[in-house]
file run-v7.txt (compact mmCIF, C-alpha atoms)
# COMPACT_ATOMS: atom_id res chain seq x y z
CA MET A 169 -27.20 -48.82 -54.40
CA PRO A 170 -29.55 -47.55 -57.14
CA THR A 171 -29.77 -43.80 -57.65
CA ARG A 172 -32.75 -41.86 -56.31
CA ARG A 173 -33.97 -41.27 -59.86
CA GLY A 174 -33.73 -44.99 -60.53
CA LEU A 175 -35.64 -45.82 -57.38
CA LEU A 176 -38.40 -43.41 -58.29
CA ARG A 177 -38.60 -44.99 -61.72
CA VAL A 178 -39.49 -48.29 -60.02
CA PHE A 179 -42.81 -46.69 -59.08
CA GLY A 180 -45.19 -45.99 -61.96
CA VAL A 181 -46.30 -42.52 -63.02
CA GLY A 182 -49.88 -43.22 -62.04
CA ALA A 183 -52.70 -45.69 -62.13
CA VAL A 184 -53.44 -45.20 -65.80
CA SER A 185 -56.79 -46.96 -65.85
CA ALA A 186 -57.95 -44.75 -62.99
CA GLY A 187 -57.15 -41.71 -65.13
CA LEU A 188 -54.47 -40.38 -62.80
CA THR A 189 -50.86 -39.45 -63.44
CA CYS A 190 -48.11 -37.83 -61.41
CA ALA A 191 -44.82 -36.44 -62.67
CA PRO A 192 -41.99 -36.92 -60.14
CA THR A 193 -40.48 -34.03 -58.24
CA LEU A 194 -37.11 -35.08 -56.83
CA ALA A 195 -36.23 -33.74 -53.41
CA GLU A 196 -33.21 -33.72 -51.16
CA ALA A 197 -33.95 -37.08 -49.54
CA SER A 198 -31.66 -39.94 -48.65
CA ASP A 199 -31.73 -42.81 -51.13
CA GLU A 200 -32.27 -45.11 -48.16
CA VAL A 201 -35.81 -43.84 -47.55
CA LEU A 202 -36.83 -44.51 -51.15
CA THR A 203 -36.07 -48.20 -51.37
CA GLU A 204 -38.99 -50.54 -51.95
CA ALA A 205 -38.40 -51.97 -48.48
CA GLN A 206 -38.73 -48.57 -46.81
CA VAL A 207 -41.68 -47.42 -48.90
CA LEU A 208 -43.74 -50.60 -48.96
CA ARG A 209 -42.51 -52.54 -45.93
CA ASP A 210 -41.31 -50.09 -43.29
CA GLN A 211 -40.78 -52.33 -40.26
CA GLU A 212 -41.52 -49.46 -37.87
CA ILE A 213 -45.14 -49.07 -39.06
CA PRO A 214 -47.68 -51.81 -38.24
CA ALA A 215 -49.71 -53.04 -41.20
CA ALA A 216 -53.50 -53.09 -41.51
CA GLY A 217 -55.56 -55.23 -43.87
CA ASN A 218 -53.97 -58.54 -44.85
CA ALA A 219 -50.42 -58.51 -43.50
CA HIS A 220 -49.50 -61.14 -46.11
CA GLY A 221 -51.36 -59.52 -48.99
CA ASP A 222 -50.03 -59.57 -52.53
CA ILE A 223 -50.50 -55.82 -53.06
CA THR A 224 -49.54 -53.02 -50.68
CA ILE A 225 -51.36 -49.69 -50.47
CA VAL A 226 -49.45 -46.93 -48.68
CA GLU A 227 -51.44 -43.87 -47.65
CA TYR A 228 -49.72 -40.59 -46.77
CA PHE A 229 -52.26 -38.77 -44.60
CA ASP A 230 -52.89 -36.09 -41.99
CA TYR A 231 -55.37 -36.62 -39.15
CA ASN A 232 -56.76 -33.11 -39.65
CA CYS A 233 -57.27 -33.67 -43.40
CA SER A 234 -61.01 -33.73 -44.11
CA TYR A 235 -60.45 -35.61 -47.37
CA CYS A 236 -58.50 -38.32 -45.52
CA ARG A 237 -61.37 -38.71 -43.06
CA LYS A 238 -64.00 -38.84 -45.77
CA LEU A 239 -62.02 -41.43 -47.70
CA ALA A 240 -61.17 -43.66 -44.71
CA PRO A 241 -64.34 -45.80 -44.63
CA GLU A 242 -64.32 -46.32 -48.40
CA LEU A 243 -60.66 -47.35 -48.36
CA ALA A 244 -61.33 -49.73 -45.47
CA GLN A 245 -64.22 -51.27 -47.39
CA VAL A 246 -62.10 -51.76 -50.52
CA VAL A 247 -59.36 -53.45 -48.50
CA HIS A 248 -61.88 -55.64 -46.67
CA ASP A 249 -63.72 -56.67 -49.84
CA ASP A 250 -60.52 -57.50 -51.70
CA GLY A 251 -59.06 -59.53 -48.86
CA LYS A 252 -55.51 -59.58 -50.25
CA VAL A 253 -54.40 -55.98 -49.75
CA ARG A 254 -51.81 -54.93 -47.19
CA LEU A 255 -52.45 -51.38 -45.97
CA ILE A 256 -49.81 -49.06 -44.51
CA PHE A 257 -50.76 -45.71 -42.95
CA LYS A 258 -47.89 -43.21 -43.16
CA ASP A 259 -48.35 -40.13 -41.01
CA TRP A 260 -47.55 -36.98 -42.98
CA PRO A 261 -48.65 -34.20 -40.57
CA ILE A 262 -48.54 -31.10 -42.76
CA LEU A 263 -51.53 -29.19 -41.37
CA GLY A 264 -50.01 -27.75 -38.23
CA PRO A 265 -48.70 -28.55 -34.74
CA VAL A 266 -51.82 -30.46 -33.64
CA SER A 267 -51.43 -32.78 -36.62
CA VAL A 268 -47.86 -33.46 -35.52
CA TYR A 269 -49.01 -34.11 -31.95
CA ALA A 270 -51.73 -36.50 -33.16
CA SER A 271 -49.25 -38.41 -35.34
CA ARG A 272 -46.68 -38.67 -32.57
CA LEU A 273 -49.21 -39.92 -30.03
CA ALA A 274 -50.73 -42.41 -32.47
CA LEU A 275 -47.29 -43.76 -33.30
CA ALA A 276 -46.51 -43.95 -29.58
CA SER A 277 -49.57 -46.17 -29.20
CA LYS A 278 -47.80 -48.87 -31.19
CA TYR A 279 -45.67 -49.61 -28.14
CA GLN A 280 -48.80 -51.01 -26.51
CA GLY A 281 -49.84 -52.74 -29.75
CA LYS A 282 -52.57 -50.25 -30.59
CA PHE A 283 -51.39 -48.11 -33.51
CA ILE A 284 -54.18 -49.27 -35.84
CA VAL A 285 -56.75 -48.71 -33.06
CA ALA A 286 -55.36 -45.22 -32.51
CA HIS A 287 -55.40 -44.49 -36.21
CA GLN A 288 -59.02 -45.53 -36.59
CA ALA A 289 -60.03 -43.45 -33.56
CA LEU A 290 -58.38 -40.29 -34.86
CA ILE A 291 -59.25 -40.62 -38.56
CA SER A 292 -62.92 -41.30 -37.78
CA THR A 293 -63.64 -38.06 -35.93
CA GLY A 294 -65.86 -35.48 -37.58
CA SER A 295 -64.32 -32.37 -36.04
CA ARG A 296 -60.97 -30.63 -36.17
CA LEU A 297 -58.56 -32.01 -33.64
CA THR A 298 -57.04 -30.30 -30.63
CA GLU A 299 -54.45 -31.88 -28.34
CA SER A 300 -57.06 -32.53 -25.65
CA ARG A 301 -59.45 -33.99 -28.23
CA VAL A 302 -56.70 -36.33 -29.47
CA ARG A 303 -56.16 -37.64 -25.95
CA GLN A 304 -59.90 -38.05 -25.37
CA LEU A 305 -60.43 -39.98 -28.60
CA LEU A 306 -57.59 -42.35 -27.75
CA ALA A 307 -58.92 -42.84 -24.23
CA ASP A 308 -62.38 -43.61 -25.64
CA ALA A 309 -60.71 -46.26 -27.83
CA LYS A 310 -59.38 -47.98 -24.68
CA ILE A 311 -55.79 -46.85 -25.21
CA ASP A 312 -53.71 -46.13 -22.13
CA VAL A 313 -53.08 -42.46 -22.84
CA ASP A 314 -50.74 -41.93 -19.89
CA ARG A 315 -48.54 -44.74 -21.15
CA ALA A 316 -48.74 -43.40 -24.72
CA LEU A 317 -47.60 -39.97 -23.53
CA LYS A 318 -44.65 -41.54 -21.71
CA ASP A 319 -43.82 -43.68 -24.74
CA MET A 320 -44.04 -40.61 -26.98
CA THR A 321 -41.38 -38.90 -24.86
CA ALA A 322 -39.20 -41.97 -24.36
CA ASN A 323 -39.24 -42.80 -28.08
CA ALA A 324 -39.21 -39.26 -29.44
CA GLY A 325 -36.17 -39.95 -31.61
CA ALA A 326 -37.57 -43.10 -33.20
CA ILE A 327 -40.96 -41.50 -33.83
CA GLY A 328 -39.29 -38.42 -35.28
CA SER A 329 -37.28 -40.62 -37.64
CA ILE A 330 -40.48 -42.26 -38.93
CA LEU A 331 -42.10 -38.88 -39.56
CA LYS A 332 -38.99 -37.55 -41.32
CA ARG A 333 -38.78 -40.67 -43.47
CA ASN A 334 -42.46 -40.36 -44.41
CA ASN A 335 -42.00 -36.68 -45.24
CA ASP A 336 -38.90 -37.31 -47.35
CA GLN A 337 -40.73 -39.99 -49.32
CA ALA A 338 -43.85 -37.89 -49.90
CA ILE A 339 -41.82 -34.92 -51.13
CA ALA A 340 -39.59 -37.06 -53.35
CA PHE A 341 -42.67 -38.67 -54.91
CA GLY A 342 -43.97 -35.22 -55.81
CA PHE A 343 -47.04 -35.35 -53.59
CA ASN A 344 -48.57 -31.94 -52.93
CA GLY A 345 -51.00 -32.83 -50.17
CA THR A 346 -53.01 -35.47 -48.39
CA PRO A 347 -54.23 -38.04 -49.04
CA SER A 348 -51.69 -39.47 -51.48
CA PHE A 349 -51.01 -43.11 -52.22
CA ILE A 350 -48.60 -45.73 -53.42
CA ILE A 351 -50.61 -48.67 -54.81
CA GLY A 352 -48.29 -51.52 -55.68
CA LYS A 353 -45.74 -49.70 -57.83
CA PHE A 354 -48.04 -46.83 -58.85
CA ARG A 355 -47.91 -43.34 -57.40
CA VAL A 356 -51.40 -41.89 -57.06
CA PRO A 357 -51.93 -38.37 -55.70
CA GLY A 358 -55.33 -37.34 -54.39
CA VAL A 359 -58.70 -38.85 -53.60
CA LEU A 360 -59.98 -41.97 -55.37
CA THR A 361 -63.44 -43.48 -55.59
CA LYS A 362 -63.98 -47.12 -54.61
CA MET A 363 -64.11 -47.99 -58.31
CA GLN A 364 -60.81 -46.21 -58.96
CA PHE A 365 -59.19 -47.96 -56.00
CA GLY A 366 -60.35 -51.28 -57.39
CA GLN A 367 -58.98 -50.47 -60.83
CA ALA A 368 -55.65 -49.26 -59.42
CA ILE A 369 -55.30 -52.47 -57.41
CA ALA A 370 -56.09 -54.53 -60.52
CA ASP A 371 -53.51 -52.54 -62.50
CA ALA A 372 -50.91 -53.09 -59.78
CA ARG A 373 -51.53 -56.84 -59.81
CA LYS A 374 -51.34 -56.92 -63.58
CA ALA A 375 -48.02 -55.03 -63.54
CA ALA A 376 -46.62 -57.35 -60.85
CA ALA A 377 -47.68 -60.45 -62.81
CA ALA A 378 -46.08 -59.10 -66.00
CA LYS A 379 -42.73 -58.73 -64.21
CA THR A 380 -42.73 -62.34 -63.08
CA ARG A 381 -43.22 -63.76 -66.57
call {"tool": "encode", "arguments": {"input": "run-v7.txt", "output": "structure tokens"}}
result
Amino acid sequence: MPTRRGLLRVFGVGAVSAGLTCAPTLAEASDEVLTEAQVLRDQEIPAAGNAHGDITIVEYFDYNCSYCRKLAPELAQVVHDDGKVRLIFKDWPILGPVSVYASRLALASKYQGKFIVAHQALISTGSRLTESRVRQLLADAKIDVDRALKDMTANAGAIGSILKRNNDQAIAFGFNGTPSFIIGKFRVPGVLTKMQFGQAIADARKAAAAKTR
């Protein structure tokens, strides 16, 4: 298996045309969580956008992150307009216990096929979350909250493994906060404009095409 340093080298040091760079900070993380399959195609996290897209965007986010909320509609618009982007939301709850609760309950919603619905409900709110507010937002989105709570308990180990894997990846990539992104093979920390997202996607496609020649 490739070394962790080698795996990190697979991902670029930034979307150069977007004017962003990120030097890697290696962490004590298992090599297994840093493979391309685990970073770009984690089978435990449902995909948004075009599930068969040619470029994957991975967002490491926190539901209580105001920047993540502000960025959400612009990112959704970019993905919609492009039409060929696969989008993966990776919960990285670093802003306290309520963030962890929100992530766990959203991930529990996937057992009723509603993770993306739960994500949109929680990331679209304009106020800081509380546990009761999380449950209300999910209920308003037509999610069976009682079932989600039971699934959260029954699948606590699996959900915890996803959150640990996401955390290990984010730390190993040198991310310092949310939102942070993997776009194709580029690591991009921080907020992007729609134009920068478009350029980063174009750069990722160009890099992928160059490797196939």
call {"tool": "closest_residue", "arguments": {"input": "run-v7.txt", "among": "A:Ser300, A:Asn218, A:Thr224, A:Thr293", "to": "Glu204 in chain A", "atoms": "all atoms listed in the file"}}
result
A:Thr224
call {"tool": "closest_residue", "arguments": {"input": "run-v7.txt", "among": "A:Leu255, A:Ile311, A:Ala377, A:Cys236", "to": "Val359 in chain A", "atoms": "only C-alpha atoms"}}
result
A:Cys236
call {"tool": "residues_around", "arguments": {"input": "run-v7.txt", "residues": "Lys278 in chain A", "least_positions_apart": "6", "cutoff": "12 Å", "atoms": "all atoms listed in the file", "output": "NGL selection string"}}
result
:A and (211-215 or 271-272 or 284-287 or 311-313 or 315-317 or 319-320 or 323 or 326-327)
call {"tool": "closest_residue", "arguments": {"input": "run-v7.txt", "among": "A:Arg355, A:Arg254, A:Arg333, A:Arg237", "to": "Gln288 in chain A", "atoms": "all atoms listed in the file"}}
result
A:Arg237
call {"tool": "closest_residue", "arguments": {"input": "run-v7.txt", "among": "A:Val356, A:Lys362, A:Ser234, A:Ala375", "to": "Asp249 in chain A", "atoms": "all atoms listed in the file"}}
result
A:Lys362
call {"tool": "closest_residue", "arguments": {"input": "run-v7.txt", "among": "A:Ala270, A:Ala240, A:Gln337, A:Gly352", "to": "Arg301 in chain A", "atoms": "all atoms listed in the file"}}
result
A:Ala270
call {"tool": "closest_residue", "arguments": {"input": "run-v7.txt", "among": "A:Val268, A:Ile330, A:Ala244, A:Val226", "to": "Pro357 in chain A", "atoms": "all atoms listed in the file"}}
result
A:Val226
call {"tool": "atom_distance", "arguments": {"input": "run-v7.txt", "atom1": "CA of Val246 in chain A", "atom2": "CA of Phe229 in chain A"}}
result
17.3 Å
call {"tool": "residues_around", "arguments": {"input": "run-v7.txt", "residues": "Lys252 in chain A", "least_positions_apart": "3", "cutoff": "12 Å", "atoms": "only C-alpha atoms", "output": "list in words"}}
result
Ala216, Gly217, Asn218, Ala219, His220, Gly221, Asp222, Ile223, Thr224, Ile225, Val246, Val247, His248, Asp249, Leu255, Gly366, Ile369, Ala370 and Arg373 of chain A
call {"tool": "write_last_selection", "arguments": {"input": "run-v7.txt", "atoms": "C-alpha atoms", "output": "CSV table (one decimal), in the coordinates of the input"}}
result
chain,number,residue,atom,x,y,z
A,216,ALA,CA,-53.5,-53.1,-41.5
A,217,GLY,CA,-55.6,-55.2,-43.9
A,218,ASN,CA,-54.0,-58.5,-44.8
A,219,ALA,CA,-50.4,-58.5,-43.5
A,220,HIS,CA,-49.5,-61.1,-46.1
A,221,GLY,CA,-51.4,-59.5,-49.0
A,222,ASP,CA,-50.0,-59.6,-52.5
A,223,ILE,CA,-50.5,-55.8,-53.1
A,224,THR,CA,-49.5,-53.0,-50.7
A,225,ILE,CA,-51.4,-49.7,-50.5
A,246,VAL,CA,-62.1,-51.8,-50.5
A,247,VAL,CA,-59.4,-53.4,-48.5
A,248,HIS,CA,-61.9,-55.6,-46.7
A,249,ASP,CA,-63.7,-56.7,-49.8
A,255,LEU,CA,-52.4,-51.4,-46.0
A,366,GLY,CA,-60.4,-51.3,-57.4
A,369,ILE,CA,-55.3,-52.5,-57.4
A,370,ALA,CA,-56.1,-54.5,-60.5
A,373,ARG,CA,-51.5,-56.8,-59.8
call {"tool": "atom_distance", "arguments": {"input": "run-v7.txt", "atom1": "CA of Gln304 in chain A", "atom2": "CA of Ser277 in chain A"}}
result
13.7 Å
call {"tool": "axis_aligned_box", "arguments": {"input": "run-v7.txt", "around": "range 325-344 of chain A", "padding_each_side": "6 Å", "output": "JSON"}}
result
{"center_x": -42.4, "center_y": -37.5, "center_z": -43.7, "size_x": 24.4, "size_y": 23.2, "size_z": 36.2}
call {"tool": "atom_distance", "arguments": {"input": "run-v7.txt", "atom1": "CA of Thr321 in chain A", "atom2": "CA of Ile256 in chain A"}}
result
23.7 Å
